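Pasted below: model-v5.cif, mmCIF, C-alpha atoms and all ligand atoms.
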```cif
data_input
loop_
_atom_site.label_atom_id
_atom_site.label_comp_id
_atom_site.auth_asym_id
_atom_site.auth_seq_id
_atom_site.Cartn_x
_atom_site.Cartn_y
_atom_site.Cartn_z
CA MET W 292 -136.86 59.83 -118.29
CA LYS W 293 -139.92 62.08 -118.49
CA ASP W 294 -142.70 61.63 -115.99
CA LEU W 295 -144.13 58.19 -116.49
CA ILE W 296 -147.77 58.25 -117.50
CA TRP W 297 -148.64 55.60 -114.95
CA LYS W 298 -146.94 57.38 -112.05
CA LYS W 299 -149.43 58.41 -109.36
CA HIS W 300 -148.36 61.86 -108.27
CA GLY W 301 -147.73 62.28 -104.60
CA LYS W 302 -147.31 58.62 -103.89
CA GLY W 303 -143.56 58.77 -104.42
CA GLU W 304 -142.96 55.44 -106.20
CA SER W 305 -139.30 54.77 -106.72
CA ILE W 306 -138.20 54.55 -110.32
CA ASP W 307 -135.01 52.61 -110.92
CA GLN W 308 -133.31 53.77 -114.09
CA GLU W 309 -131.55 50.46 -114.66
CA VAL W 310 -134.79 48.51 -114.38
CA MET W 311 -136.65 51.05 -116.52
CA ALA W 312 -134.03 50.75 -119.26
CA PHE W 313 -134.44 46.98 -119.17
CA LEU W 314 -138.24 47.27 -119.38
CA ALA W 315 -138.09 49.69 -122.28
CA GLY W 316 -135.79 47.26 -124.10
CA GLU W 317 -135.71 48.06 -127.82
CA ASP W 318 -139.09 49.79 -127.62
CA ILE W 319 -137.79 53.28 -128.19
CA GLU W 320 -136.10 52.32 -131.41
CA LEU W 321 -138.82 49.95 -132.64
CA ASP W 322 -141.73 52.16 -131.62
CA ARG W 323 -140.48 54.71 -134.15
CA GLN W 324 -142.01 52.37 -136.70
CA LEU W 325 -145.30 52.30 -134.78
CA LEU W 326 -145.54 55.98 -133.94
CA LEU W 327 -147.40 57.17 -137.03
CA PHE W 328 -149.84 54.27 -136.80
CA ASP W 329 -150.40 55.03 -133.12
CA LEU W 330 -151.08 58.69 -133.98
CA ARG W 331 -153.67 57.67 -136.59
CA ALA W 332 -155.36 55.34 -134.14
CA SER W 333 -155.26 57.98 -131.40
CA ALA W 334 -156.96 60.50 -133.68
CA ALA W 335 -159.71 58.00 -134.53
CA HIS W 336 -160.11 57.18 -130.84
CA VAL W 337 -160.56 60.88 -130.02
CA ARG W 338 -163.30 61.18 -132.62
CA GLY W 339 -164.94 58.12 -131.09
CA LEU W 340 -164.82 59.84 -127.69
CA GLU W 341 -166.50 62.86 -129.20
CA GLN W 342 -169.31 60.69 -130.56
CA ILE W 343 -170.18 59.55 -127.05
CA GLY W 344 -169.72 62.96 -125.47
CA ILE W 345 -166.55 62.30 -123.49
CA VAL W 346 -164.82 65.14 -125.28
CA SER W 347 -166.63 68.18 -126.65
CA GLU W 348 -166.48 69.17 -130.29
CA ALA W 349 -163.99 71.91 -129.40
CA GLU W 350 -161.82 69.53 -127.39
CA CYS W 351 -161.93 67.01 -130.19
CA GLY W 352 -160.78 69.73 -132.58
CA LEU W 353 -157.89 70.67 -130.27
CA LEU W 354 -156.79 67.09 -129.71
CA SER W 355 -157.06 66.23 -133.40
CA LYS W 356 -155.04 69.30 -134.36
CA GLY W 357 -152.47 68.46 -131.72
CA LEU W 358 -152.12 64.91 -132.99
CA LYS W 359 -151.83 66.18 -136.58
CA GLN W 360 -149.12 68.61 -135.52
CA ILE W 361 -147.20 65.83 -133.77
CA GLU W 362 -147.51 63.73 -136.91
CA MET W 363 -146.03 66.53 -139.01
CA ASP W 364 -143.27 67.14 -136.47
CA VAL W 365 -142.38 63.45 -136.49
CA ARG W 366 -142.36 63.32 -140.29
CA ASN W 367 -140.16 66.41 -140.49
CA GLY W 368 -137.81 65.16 -137.80
CA VAL W 369 -138.71 68.00 -135.40
CA ARG W 370 -139.83 65.48 -132.80
CA GLN W 371 -138.16 62.15 -132.23
CA LEU W 372 -138.84 59.25 -130.00
CA ASP W 373 -135.85 58.99 -127.69
CA SER W 374 -134.89 57.47 -124.39
CA GLN W 375 -136.57 60.16 -122.31
CA PHE W 376 -139.80 58.30 -123.11
CA GLU W 377 -140.91 54.87 -122.09
CA ASP W 378 -142.52 54.04 -125.45
CA CYS W 379 -144.40 55.68 -128.33
CA HIS W 380 -147.69 55.57 -126.43
CA SER W 381 -146.43 57.62 -123.52
CA ALA W 382 -144.55 59.97 -125.85
CA ILE W 383 -147.79 60.90 -127.63
CA GLU W 384 -149.55 61.70 -124.37
CA SER W 385 -146.59 63.63 -123.07
CA TRP W 386 -146.21 65.71 -126.27
CA LEU W 387 -149.94 66.41 -126.33
CA GLY W 388 -149.71 67.53 -122.70
CA GLU W 389 -146.92 69.99 -123.52
CA MET W 390 -148.93 71.41 -126.41
CA LEU W 391 -152.44 71.49 -124.93
CA GLY W 392 -152.19 71.19 -121.16
CA GLU W 393 -155.00 69.56 -119.15
CA VAL W 394 -157.22 68.56 -122.06
CA ALA W 395 -154.50 66.17 -123.31
CA GLY W 396 -155.31 63.96 -120.34
CA LYS W 397 -158.61 63.08 -122.05
CA VAL W 398 -157.03 61.24 -124.94
CA HIS W 399 -156.48 58.06 -122.94
CA THR W 400 -160.10 57.78 -121.79
CA GLY W 401 -161.39 54.26 -122.31
CA ARG W 402 -158.20 52.82 -123.69
CA SER W 403 -155.10 51.15 -122.38
CA ARG W 404 -151.65 50.86 -123.81
CA ASN W 405 -152.59 47.22 -124.31
CA ASP W 406 -155.16 47.92 -127.03
CA GLN W 407 -153.14 50.91 -128.20
CA VAL W 408 -150.10 48.81 -129.05
CA ALA W 409 -152.29 46.04 -130.47
CA VAL W 410 -154.01 48.39 -132.92
CA ALA W 411 -150.75 50.06 -133.93
CA LEU W 412 -149.20 46.66 -134.59
CA ARG W 413 -152.14 45.52 -136.72
CA LEU W 414 -151.90 48.72 -138.78
CA TYR W 415 -148.13 48.15 -139.10
CA MET W 416 -148.64 44.58 -140.30
CA LYS W 417 -151.33 45.59 -142.79
CA ASP W 418 -148.97 48.20 -144.20
CA ARG W 419 -146.03 45.81 -144.46
CA LEU W 420 -148.12 43.01 -145.98
CA LEU W 421 -149.43 45.42 -148.61
CA GLN W 422 -145.84 46.43 -149.38
CA LEU W 423 -144.91 42.75 -149.58
CA GLN W 424 -147.74 42.13 -152.00
CA GLU W 425 -146.76 45.06 -154.21
CA ILE W 426 -143.12 44.01 -154.31
CA CYS W 427 -144.05 40.41 -155.18
CA ILE W 428 -146.23 41.62 -158.04
CA GLY W 429 -143.37 43.86 -159.20
CA ILE W 430 -140.99 40.89 -159.24
CA ALA W 431 -143.47 38.72 -161.15
CA GLU W 432 -144.08 41.46 -163.71
CA VAL W 433 -140.39 41.92 -164.44
CA LEU W 434 -139.95 38.18 -164.86
CA LEU W 435 -142.95 37.89 -167.18
CA HIS W 436 -141.75 40.83 -169.21
CA ARG W 437 -138.47 39.00 -169.77
CA VAL W 438 -140.43 35.90 -170.80
CA ASP W 439 -142.00 37.97 -173.58
CA GLU W 440 -138.60 39.29 -174.66
CA GLU W 441 -136.31 36.27 -174.31
CA GLY W 442 -138.51 33.35 -173.32
CA ASP W 443 -137.47 31.09 -176.21
CA LEU W 444 -133.73 31.12 -175.45
CA PRO W 445 -132.77 27.48 -174.95
CA MET W 446 -130.78 26.42 -171.94
CA ALA W 447 -130.11 23.17 -170.14
CA GLY W 448 -132.65 22.10 -167.55
CA TYR W 449 -131.32 20.29 -164.47
CA THR W 450 -132.54 17.75 -161.95
CA HIS W 451 -130.17 16.69 -159.16
CA LEU W 452 -128.01 19.50 -160.57
CA GLN W 453 -127.29 17.12 -163.48
CA PRO W 454 -128.22 18.04 -167.07
CA ALA W 455 -131.72 16.66 -167.67
CA MET W 456 -133.65 18.05 -170.64
CA PRO W 457 -133.48 21.07 -172.90
CA SER W 458 -135.26 23.90 -171.20
CA SER W 459 -135.60 27.60 -171.82
CA ALA W 460 -135.06 30.94 -170.19
CA GLY W 461 -138.84 31.34 -170.39
CA LEU W 462 -139.56 28.24 -168.33
CA TRP W 463 -137.13 29.35 -165.64
CA LEU W 464 -138.42 32.95 -165.60
CA ALA W 465 -142.11 32.02 -165.62
CA GLY W 466 -141.51 29.45 -162.88
CA HIS W 467 -140.17 32.10 -160.55
CA ALA W 468 -142.91 34.52 -161.64
CA GLU W 469 -145.60 32.05 -160.63
CA ALA W 470 -143.95 31.63 -157.22
CA PHE W 471 -144.12 35.36 -156.55
CA ILE W 472 -147.72 35.56 -157.73
CA ASP W 473 -148.52 32.89 -155.13
CA ASN W 474 -146.63 34.94 -152.56
CA ALA W 475 -148.49 38.12 -153.49
CA GLU W 476 -151.77 36.28 -153.05
CA LEU W 477 -150.68 34.86 -149.71
CA ALA W 478 -149.69 38.33 -148.47
CA GLY W 479 -153.17 39.58 -149.42
CA LEU W 480 -154.94 36.66 -147.76
CA THR W 481 -152.92 37.17 -144.58
CA LEU W 482 -153.66 40.88 -144.62
CA HIS W 483 -157.36 40.12 -144.99
CA TRP W 484 -157.23 37.65 -142.09
CA LEU W 485 -155.64 40.03 -139.60
CA ASP W 486 -157.56 43.09 -140.77
CA ALA W 487 -159.47 43.56 -137.51
CA SER W 488 -159.44 46.34 -134.94
CA PRO W 489 -158.66 45.62 -131.30
CA LEU W 490 -159.07 49.30 -130.38
CA GLY W 491 -161.61 49.86 -127.61
CA THR W 492 -160.88 46.60 -125.82
CA ALA W 493 -158.66 48.51 -123.37
CA SER W 494 -156.62 46.40 -121.00
CA GLY W 495 -158.36 43.20 -122.10
CA PHE W 496 -161.72 43.46 -120.32
CA GLY W 497 -163.55 46.30 -122.10
CA VAL W 498 -164.68 49.49 -120.32
CA ASN W 499 -167.81 50.95 -118.78
CA LEU W 500 -168.28 53.35 -121.71
CA ASP W 501 -170.29 52.69 -124.86
CA LEU W 502 -167.32 53.20 -127.17
CA PRO W 503 -168.28 53.34 -130.86
CA ARG W 504 -165.79 50.63 -131.72
CA ASP W 505 -167.27 49.92 -135.14
CA ALA W 506 -167.11 53.51 -136.32
CA VAL W 507 -163.54 53.89 -135.09
CA ALA W 508 -162.52 50.64 -136.80
CA THR W 509 -164.13 51.79 -140.06
CA GLU W 510 -162.39 55.15 -139.87
CA LEU W 511 -159.08 53.31 -139.50
CA GLY W 512 -159.85 51.16 -142.53
CA PHE W 513 -160.35 47.88 -140.69
CA ARG W 514 -162.66 45.25 -142.17
CA ARG W 515 -164.03 44.06 -138.82
CA LEU W 516 -163.48 44.09 -135.06
CA VAL W 517 -161.56 41.77 -132.84
CA VAL W 518 -164.70 41.37 -130.75
CA ASN W 519 -163.46 39.81 -127.55
CA PRO W 520 -161.13 41.94 -125.38
CA GLN W 521 -159.27 38.95 -124.03
CA TYR W 522 -158.66 37.64 -127.55
CA ALA W 523 -157.42 41.08 -128.59
CA GLN W 524 -154.47 40.35 -126.30
CA ASN W 525 -154.24 36.62 -126.84
CA SER W 526 -154.00 37.11 -130.60
CA ARG W 527 -150.80 39.13 -130.17
CA GLY W 528 -147.90 37.07 -131.39
CA LYS W 529 -150.20 34.66 -133.17
CA ILE W 530 -151.01 37.15 -135.92
CA GLU W 531 -147.38 38.25 -136.04
CA LEU W 532 -146.45 34.62 -136.71
CA GLN W 533 -148.85 34.45 -139.66
CA ALA W 534 -147.49 37.71 -141.05
CA LEU W 535 -143.98 36.28 -140.76
CA SER W 536 -145.15 33.12 -142.43
CA ALA W 537 -146.39 35.09 -145.44
CA LEU W 538 -143.07 36.90 -145.55
CA ALA W 539 -141.17 33.63 -145.23
CA ALA W 540 -142.89 32.21 -148.31
CA SER W 541 -141.39 35.08 -150.30
CA THR W 542 -137.93 34.91 -148.77
CA LEU W 543 -137.87 31.15 -149.31
CA ASP W 544 -138.48 31.70 -153.01
CA LEU W 545 -136.00 34.54 -152.95
CA ARG W 546 -133.42 32.13 -151.56
CA ARG W 547 -134.00 29.65 -154.38
CA LEU W 548 -133.94 32.38 -157.02
CA ALA W 549 -130.70 33.76 -155.58
CA TRP W 550 -129.27 30.24 -155.45
CA ASP W 551 -130.05 29.71 -159.15
CA LEU W 552 -128.47 33.01 -160.04
CA SER W 553 -125.38 32.31 -157.99
CA LEU W 554 -124.92 29.11 -160.01
CA PHE W 555 -125.75 30.78 -163.31
CA VAL W 556 -123.11 33.48 -162.81
CA THR W 557 -120.30 30.99 -162.13
CA HIS W 558 -117.52 30.53 -164.60
CA GLU W 559 -118.71 26.95 -165.02
CA PHE W 560 -122.33 27.73 -165.96
CA GLY W 561 -121.83 31.20 -167.38
CA PHE W 562 -125.52 31.68 -168.27
CA VAL W 563 -125.93 35.06 -166.63
CA LYS W 564 -124.03 38.27 -166.13
CA LEU W 565 -125.22 40.49 -163.29
CA ALA W 566 -125.14 44.26 -163.56
CA GLU W 567 -121.85 45.53 -162.12
CA LYS W 568 -123.41 47.33 -159.20
CA TYR W 569 -124.45 44.04 -157.59
CA CYS W 570 -120.90 42.73 -157.46
CA THR W 571 -117.88 43.61 -155.38
CA GLY W 572 -114.15 43.04 -155.79
CA SER W 573 -111.76 41.03 -153.68
CA SER W 574 -109.31 42.75 -151.34
CA ILE W 575 -106.53 40.41 -152.41
CA MET W 576 -107.40 38.79 -155.76
CA PRO W 577 -107.40 41.44 -158.48
CA ASN W 578 -109.15 39.08 -160.89
CA LYS W 579 -112.31 38.67 -158.78
CA ARG W 580 -115.82 40.07 -159.16
CA ASN W 581 -118.01 38.47 -156.52
CA PRO W 582 -121.82 38.32 -156.62
CA ASP W 583 -122.15 39.38 -152.97
CA THR W 584 -125.61 40.84 -153.42
CA ILE W 585 -127.23 37.58 -154.43
CA GLU W 586 -125.41 35.76 -151.65
CA LEU W 587 -126.75 38.13 -149.01
CA LEU W 588 -130.20 37.95 -150.62
CA ARG W 589 -129.96 34.20 -150.15
CA ALA W 590 -129.13 34.72 -146.48
CA VAL W 591 -132.28 36.73 -145.73
CA HIS W 592 -134.54 33.74 -145.34
CA GLY W 593 -132.39 32.65 -142.40
CA VAL W 594 -133.18 35.93 -140.65
CA VAL W 595 -136.90 35.42 -141.21
CA GLN W 596 -136.78 31.82 -140.02
CA GLY W 597 -134.85 32.90 -136.95
CA ALA W 598 -137.56 35.48 -136.22
CA GLN W 599 -140.27 32.83 -136.60
CA MET W 600 -138.47 30.62 -134.09
CA GLU W 601 -137.88 33.46 -131.65
CA LEU W 602 -141.51 34.50 -131.80
CA SER W 603 -143.07 31.07 -131.54
CA SER W 604 -140.82 30.03 -128.68
CA MET W 605 -141.93 32.95 -126.52
CA LEU W 606 -145.65 32.35 -127.06
CA SER W 607 -146.18 30.19 -124.04
CA LEU W 608 -148.36 32.48 -122.01
CA PRO W 609 -151.59 32.50 -120.04
CA SER W 610 -154.56 34.56 -121.25
CA GLY W 611 -154.53 38.32 -121.14
CA TYR W 612 -151.80 40.91 -121.47
CA GLN W 613 -148.34 39.89 -120.30
CA ARG W 614 -145.34 42.12 -120.76
CA ASP W 615 -143.63 39.25 -122.57
CA LEU W 616 -145.74 40.31 -125.55
CA GLN W 617 -143.50 43.32 -125.98
CA ALA W 618 -140.80 40.87 -127.05
CA THR W 619 -142.82 39.98 -130.17
CA LYS W 620 -141.86 43.30 -131.74
CA PRO W 621 -138.11 42.81 -132.32
CA PRO W 622 -138.38 39.61 -134.40
CA LEU W 623 -141.40 40.92 -136.32
CA MET W 624 -139.76 44.20 -137.23
CA ARG W 625 -136.31 42.75 -137.83
CA ALA W 626 -137.73 40.22 -140.26
CA PHE W 627 -139.97 42.65 -142.15
CA GLY W 628 -137.20 45.26 -142.23
CA LYS W 629 -134.64 42.89 -143.73
CA GLY W 630 -137.14 40.92 -145.84
CA LEU W 631 -138.74 43.89 -147.58
CA GLN W 632 -135.40 45.62 -148.08
CA ALA W 633 -134.08 42.52 -149.82
CA LEU W 634 -137.16 41.79 -151.91
CA ALA W 635 -137.37 45.42 -153.04
CA LEU W 636 -133.96 45.03 -154.71
CA MET W 637 -135.19 42.22 -156.91
CA PRO W 638 -137.18 43.94 -159.68
CA GLU W 639 -134.18 45.96 -160.83
CA LEU W 640 -131.68 43.16 -160.32
CA LEU W 641 -133.88 40.87 -162.40
CA ALA W 642 -134.49 43.49 -165.08
CA THR W 643 -130.79 44.21 -165.57
CA PHE W 644 -128.97 40.89 -165.72
CA GLN W 645 -127.85 39.68 -169.13
CA TRP W 646 -128.30 36.23 -170.56
CA CYS W 647 -125.22 34.73 -172.21
CA GLU W 648 -127.05 33.08 -175.07
CA GLU W 649 -124.16 31.16 -176.50
CA ARG W 650 -123.24 29.51 -173.21
CA MET W 651 -126.88 28.64 -172.63
CA LEU W 652 -127.22 27.01 -176.05
CA ARG W 653 -123.97 25.11 -175.63
CA SER W 654 -125.18 23.74 -172.31
CA VAL W 655 -127.75 21.60 -174.12
CA SER W 656 -126.10 18.39 -175.31
CA VAL W 657 -127.52 15.97 -177.84
CA GLN W 658 -127.98 13.44 -175.03
CA MET W 659 -130.49 15.73 -173.45
CA LEU W 660 -132.83 15.23 -176.39
CA ALA W 661 -133.30 11.61 -175.38
CA THR W 662 -136.62 12.08 -173.59
CA ASP W 663 -138.04 14.05 -176.52
CA ARG W 664 -137.03 11.22 -178.88
CA ALA W 665 -138.56 8.54 -176.70
CA LEU W 666 -141.79 10.53 -176.50
CA ASP W 667 -141.80 11.04 -180.30
CA MET W 668 -141.68 7.25 -180.68
CA ALA W 669 -144.41 6.82 -178.07
CA ASN W 670 -146.49 9.34 -180.00
CA GLU W 671 -146.21 7.06 -183.00
CA GLY W 672 -147.59 4.12 -181.03
CA LEU W 673 -144.57 2.43 -179.44
CA PRO W 674 -145.04 1.70 -175.70
CA PHE W 675 -143.06 4.37 -173.85
CA ARG W 676 -140.91 1.85 -171.93
CA GLU W 677 -139.79 0.23 -175.17
CA ALA W 678 -139.05 3.62 -176.73
CA TYR W 679 -137.05 4.52 -173.61
CA ARG W 680 -134.90 1.39 -174.01
CA ARG W 681 -134.32 1.93 -177.72
CA VAL W 682 -133.26 5.55 -177.22
CA ALA W 683 -130.99 4.54 -174.35
CA ALA W 684 -129.38 1.86 -176.56
CA ASP W 685 -128.54 4.10 -179.48
CA MET W 686 -128.01 7.33 -177.61
CA GLU W 687 -124.38 7.22 -178.66
CA ASP W 688 -125.52 7.64 -182.26
CA GLY W 689 -126.82 11.04 -181.38
CA ASP W 690 -129.64 12.93 -182.87
CA THR W 691 -129.09 16.12 -184.77
CA GLU W 692 -132.56 17.41 -184.15
CA GLY W 693 -132.28 21.07 -183.26
CA VAL W 694 -132.31 22.11 -179.67
CA GLN W 695 -134.53 25.04 -180.46
CA LYS W 696 -137.05 22.72 -182.06
CA SER W 697 -137.01 20.53 -178.98
CA VAL W 698 -137.80 23.49 -176.81
CA LEU W 699 -140.59 24.75 -179.02
CA ASN W 700 -142.10 21.29 -179.42
CA ARG W 701 -142.59 20.98 -175.68
CA ILE W 702 -146.24 21.96 -175.93
CA SER W 703 -147.80 20.51 -172.79
CA PRO W 704 -149.48 23.39 -170.91
CA GLY W 705 -146.91 25.43 -168.98
CA ALA W 706 -143.91 23.88 -170.76
CA CYS W 707 -141.27 25.72 -172.83
CA GLY W 708 -143.28 25.70 -176.06
CA ASN W 709 -146.52 26.72 -174.37
CA LEU W 710 -145.64 28.76 -171.30
CA ASP W 711 -149.25 29.87 -170.76
CA THR W 712 -148.09 33.11 -169.18
CA ASN W 713 -151.47 34.62 -170.01
CA LEU W 714 -152.80 32.58 -167.07
CA LEU W 715 -150.18 34.18 -164.82
CA GLN W 716 -150.97 37.65 -166.13
CA ASP W 717 -154.65 37.00 -165.35
CA ARG W 718 -153.76 36.14 -161.75
CA ILE W 719 -151.83 39.39 -161.38
CA LYS W 720 -154.87 41.29 -162.64
CA THR W 721 -157.12 39.50 -160.15
CA ILE W 722 -154.78 40.31 -157.25
CA LEU W 723 -154.50 43.96 -158.30
CA ASN W 724 -158.30 44.25 -158.52
CA HIS W 725 -158.78 42.66 -155.10
CA PRO W 726 -155.59 43.43 -153.16
CA ASP W 727 -156.92 41.38 -150.23
N1 LIG F 801 -144.52 48.16 -124.98
C1 LIG F 801 -145.65 47.49 -124.49
C2 LIG F 801 -145.92 46.25 -125.39
O1 LIG F 801 -145.45 46.20 -126.47
C3 LIG F 801 -146.84 48.40 -124.52
C4 LIG F 801 -147.97 47.96 -123.64
C5 LIG F 801 -147.64 48.22 -122.21
N2 LIG F 801 -148.70 47.73 -121.39
C6 LIG F 801 -148.52 47.45 -120.07
N3 LIG F 801 -149.57 47.03 -119.45
N4 LIG F 801 -147.39 47.65 -119.49
O2 LIG F 801 -146.59 45.35 -124.99
#
```

Translate the structure of the given file into C-alpha cells.
Amino acid sequence: MKDLIWKKHGKGESIDQEVMAFLAGEDIELDRQLLLFDLRASAAHVRGLEQIGIVSEAECGLLSKGLKQIEMDVRNGVRQLDSQFEDCHSAIESWLGEMLGEVAGKVHTGRSRNDQVAVALRLYMKDRLLQLQEICIGIAEVLLHRVDEEGDLPMAGYTHLQPAMPSSAGLWLAGHAEAFIDNAELAGLTLHWLDASPLGTASGFGVNLDLPRDAVATELGFRRLVVNPQYAQNSRGKIELQALSALAASTLDLRRLAWDLSLFVTHEFGFVKLAEKYCTGSSIMPNKRNPDTIELLRAVHGVVQGAQMELSSMLSLPSGYQRDLQATKPPLMRAFGKGLQALALMPELLATFQWCEERMLRSVSVQMLATDRALDMANEGLPFREAYRRVAADMEDGDTEGVQKSVLNRISPGACGNLDTNLLQDRIKTILNHPD
C-alpha cells in the first residue's frame, strides 16, 4: 500500500497489512463509483480555498489542472483505483502529489475525509436518482405509446387471479404507466430532499477558516447546505435509506409488472409473446423457451429490500463520524447498480413484446359481462342489488352483447373506455419541466 495520508512521518507507526485490508473492505472497488464525484468536489473545494487566500491564484490553477488531468486519466483508464490505495480520497491526494509535489498538500486544507466522502456520496445519489427518474419516465412513455396504438384490445381482467370483468390492454398498460410516473416523481422529490452540500463541515465540527461553503455548494450544483457539521455525519445512512426507498418503489412495481408478464407469456394465458432475445432455452428440454429475463427482473426487488435491511440494521450509532458508516456504501451501490440495470432494460422489453389478440379476446367469457349488465339495469332505475340478483339468476342464459362494446362502454374516468391518459401525459410534462 502507498504511504497512508494519515501517517505521521518519523513516528514509525506499524501498519498491519491484514488489518488494513479489512479496514479498506470493498472501498477500493466501490470508490471507483465515487472517484469522479470526489474529483469534482475537490476542484470546487480548491476554488473555495483560493477565495479565502489559502491557495494563490497560480496554485489554484495548478491544482485545478492536476485534478482535471486525473479526471481525464481515470475516464481513459490510464489511472485506476487499486489496492495500493486506501480509498478514493487518499488516491486523489497521492496522485496530485506525484504530479505537483508539495503544493498538492494544500488540497486537504479545511476538509476531512469525513465531509469528502459525504459530499461525494450525495453527488452520487443525486446522479443515480436523476437516472432513476429518467428511466421511469422512459418506461411510462413506452407504455402510454402502446396505449395509443393498441389500447382498445379487449382482454380478461382478473381479481384473485380469477376472471372478473372484460378489461383492455390499455387499462393494463396505463395502470403500469401511472405507477412509473409516481416513481419518477418520488425519485425527483427524494433528489430534492437530499440536495444539500456537507462539504466544509470537515470532521464533523467545522474548522477555524472562513470557508465559502455557499459558493462551493452552488458551484457543485447543490440547492442548499447541510448546515450543521454534526448532522452532516449523522445524516449518512439516513439519506441513503431514503434513496433506496425511492428505488424500491420502482423495483416493487417492476416486480409486479414482471409477474404479470410471466403469467401472460404462459401457455395457459398466451396473451403476450416476448421478443426472442429475452428468452433462453433449456439444457435438456428441446421444446422450451423460458422467459428468464422477466424472472430475474422480478428478483431485483429482493436485492433492494435486502439492501434496505442491511443499511437500516447498521444505523445504530452515536453522533458524529464512526467508521461503521463506510458499511453504508455496499448496500447502497449494490442496490442502485442492480436496480438501474434492471429498470433500464424495461423500455425496450415493453416496446417489443407482441400481444396475441385472439387469445386475449377469447379470454373474455360471456359470464364476465355480468357486472356490465347489472349496471345497465341499475342505470335504468332498478336498485343495483336487485339487478345483481337478476343477472346472477339468468347468467346461464348468456348475453351476446359484444365484448368490445363492453370495454368501450366502461366510461368512468380512467376506465377502459375513457383511459384519460392525457392526465398522465400532463404529469410527465410537469416532471420533465421540474425534474426535482
Ligand atoms: N471510507 C471512509 C467512509 O466511507 C472514508 C472516511 C474515512 N474517515 C475516517 N475518519 N477514517 O466512511

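Shortest separation to Met659 of chain W among W:Ala683, W:Val498, W:Ile719, W:Met416 occurs at residue W:Ala683, atoms counted being all atoms listed in the file.
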
Report as a tab-separated table: every residue of chain W with an atom at most 6 Å from ligand LIG 801 (chain F), its closest pair of atoms, and their distance in Å to one decimal, counting all atoms listed in the file, with rows sorted by chain and ascending residue number.
```
residue	atom	partner	partner_atom	distance
W:Arg404	CA	F:LIG801	C4	4.7
W:Asn405	CA	F:LIG801	C4	4.7
W:Val408	CA	F:LIG801	C3	5.6
W:Arg614	CA	F:LIG801	O2	5.5
W:Leu616	CA	F:LIG801	O2	5.1
W:Gln617	CA	F:LIG801	O1	3.5
```

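Shown here are all protein and nucleic acid residues lying within 8 Å of (-140.3, 31.0, -169.4), with only C-alpha atoms considered: Leu435, Val438, Gly442, Asp443, Ser459, Ala460, Gly461, Leu462, Trp463, Leu464, Ala465, Gly466, Cys707 and Leu710 of chain W.
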
Using only C-alpha atoms, determine which residues lie at most 7 Å from Ser458 of chain W, disregarding the query and same-chain residues fewer than 4 positions distant; provide the list as a short mmCIF file (atom, residue, chain, number, x, y, z; two decimals) with C-alpha atoms, in the frame of the given file.
```cif
data_model
loop_
_atom_site.label_atom_id
_atom_site.label_comp_id
_atom_site.auth_asym_id
_atom_site.auth_seq_id
_atom_site.Cartn_x
_atom_site.Cartn_y
_atom_site.Cartn_z
CA PRO W 445 -132.77 27.48 -174.95
CA MET W 446 -130.78 26.42 -171.94
CA ALA W 447 -130.11 23.17 -170.14
CA GLY W 448 -132.65 22.10 -167.55
CA LEU W 462 -139.56 28.24 -168.33
CA VAL W 698 -137.80 23.49 -176.81
CA CYS W 707 -141.27 25.72 -172.83
#
```

Please, what distance in Å, to one decimal, runs between atom CA of Met576 of chain W and atom CA of Glu648 of chain W?
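Distance between the two atoms: 28.1 Å.
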
Looking at W:Ala493, W:Pro457, W:Gly401, W:Leu543, which one is nearest to Gln658 of chain W, with distances taken over only C-alpha atoms?
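Of W:Ala493, W:Pro457, W:Gly401, W:Leu543, the one nearest Gln658 of chain W is W:Pro457, counting only C-alpha atoms.
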
Who sits within 10 Å of Pro582 of chain W, only C-alpha atoms, same chain under 5 positions skipped, as number ranges by chain
W: 552-553, 556-557, 564-572, 587

Around the point (-134.3, 31.3, -139.1) in the file's coordinates, collect all residues with an atom within 12 Å, using only C-alpha atoms, and return them as a CSV table (one decimal) with C-alpha atoms, keeping the file's coordinate frame.
```csv
chain,number,residue,atom,x,y,z
W,535,LEU,CA,-144.0,36.3,-140.8
W,536,SER,CA,-145.2,33.1,-142.4
W,539,ALA,CA,-141.2,33.6,-145.2
W,542,THR,CA,-137.9,34.9,-148.8
W,543,LEU,CA,-137.9,31.2,-149.3
W,590,ALA,CA,-129.1,34.7,-146.5
W,591,VAL,CA,-132.3,36.7,-145.7
W,592,HIS,CA,-134.5,33.7,-145.3
W,593,GLY,CA,-132.4,32.6,-142.4
W,594,VAL,CA,-133.2,35.9,-140.6
W,595,VAL,CA,-136.9,35.4,-141.2
W,596,GLN,CA,-136.8,31.8,-140.0
W,597,GLY,CA,-134.8,32.9,-137.0
W,598,ALA,CA,-137.6,35.5,-136.2
W,599,GLN,CA,-140.3,32.8,-136.6
W,600,MET,CA,-138.5,30.6,-134.1
W,601,GLU,CA,-137.9,33.5,-131.6
W,602,LEU,CA,-141.5,34.5,-131.8
W,603,SER,CA,-143.1,31.1,-131.5
W,622,PRO,CA,-138.4,39.6,-134.4
W,625,ARG,CA,-136.3,42.8,-137.8
W,626,ALA,CA,-137.7,40.2,-140.3
```

Just give me the gap between atom CA of Glu476 of chain W and atom CA of Pro726 of chain W in Å, one decimal is fine.
8.1 Å
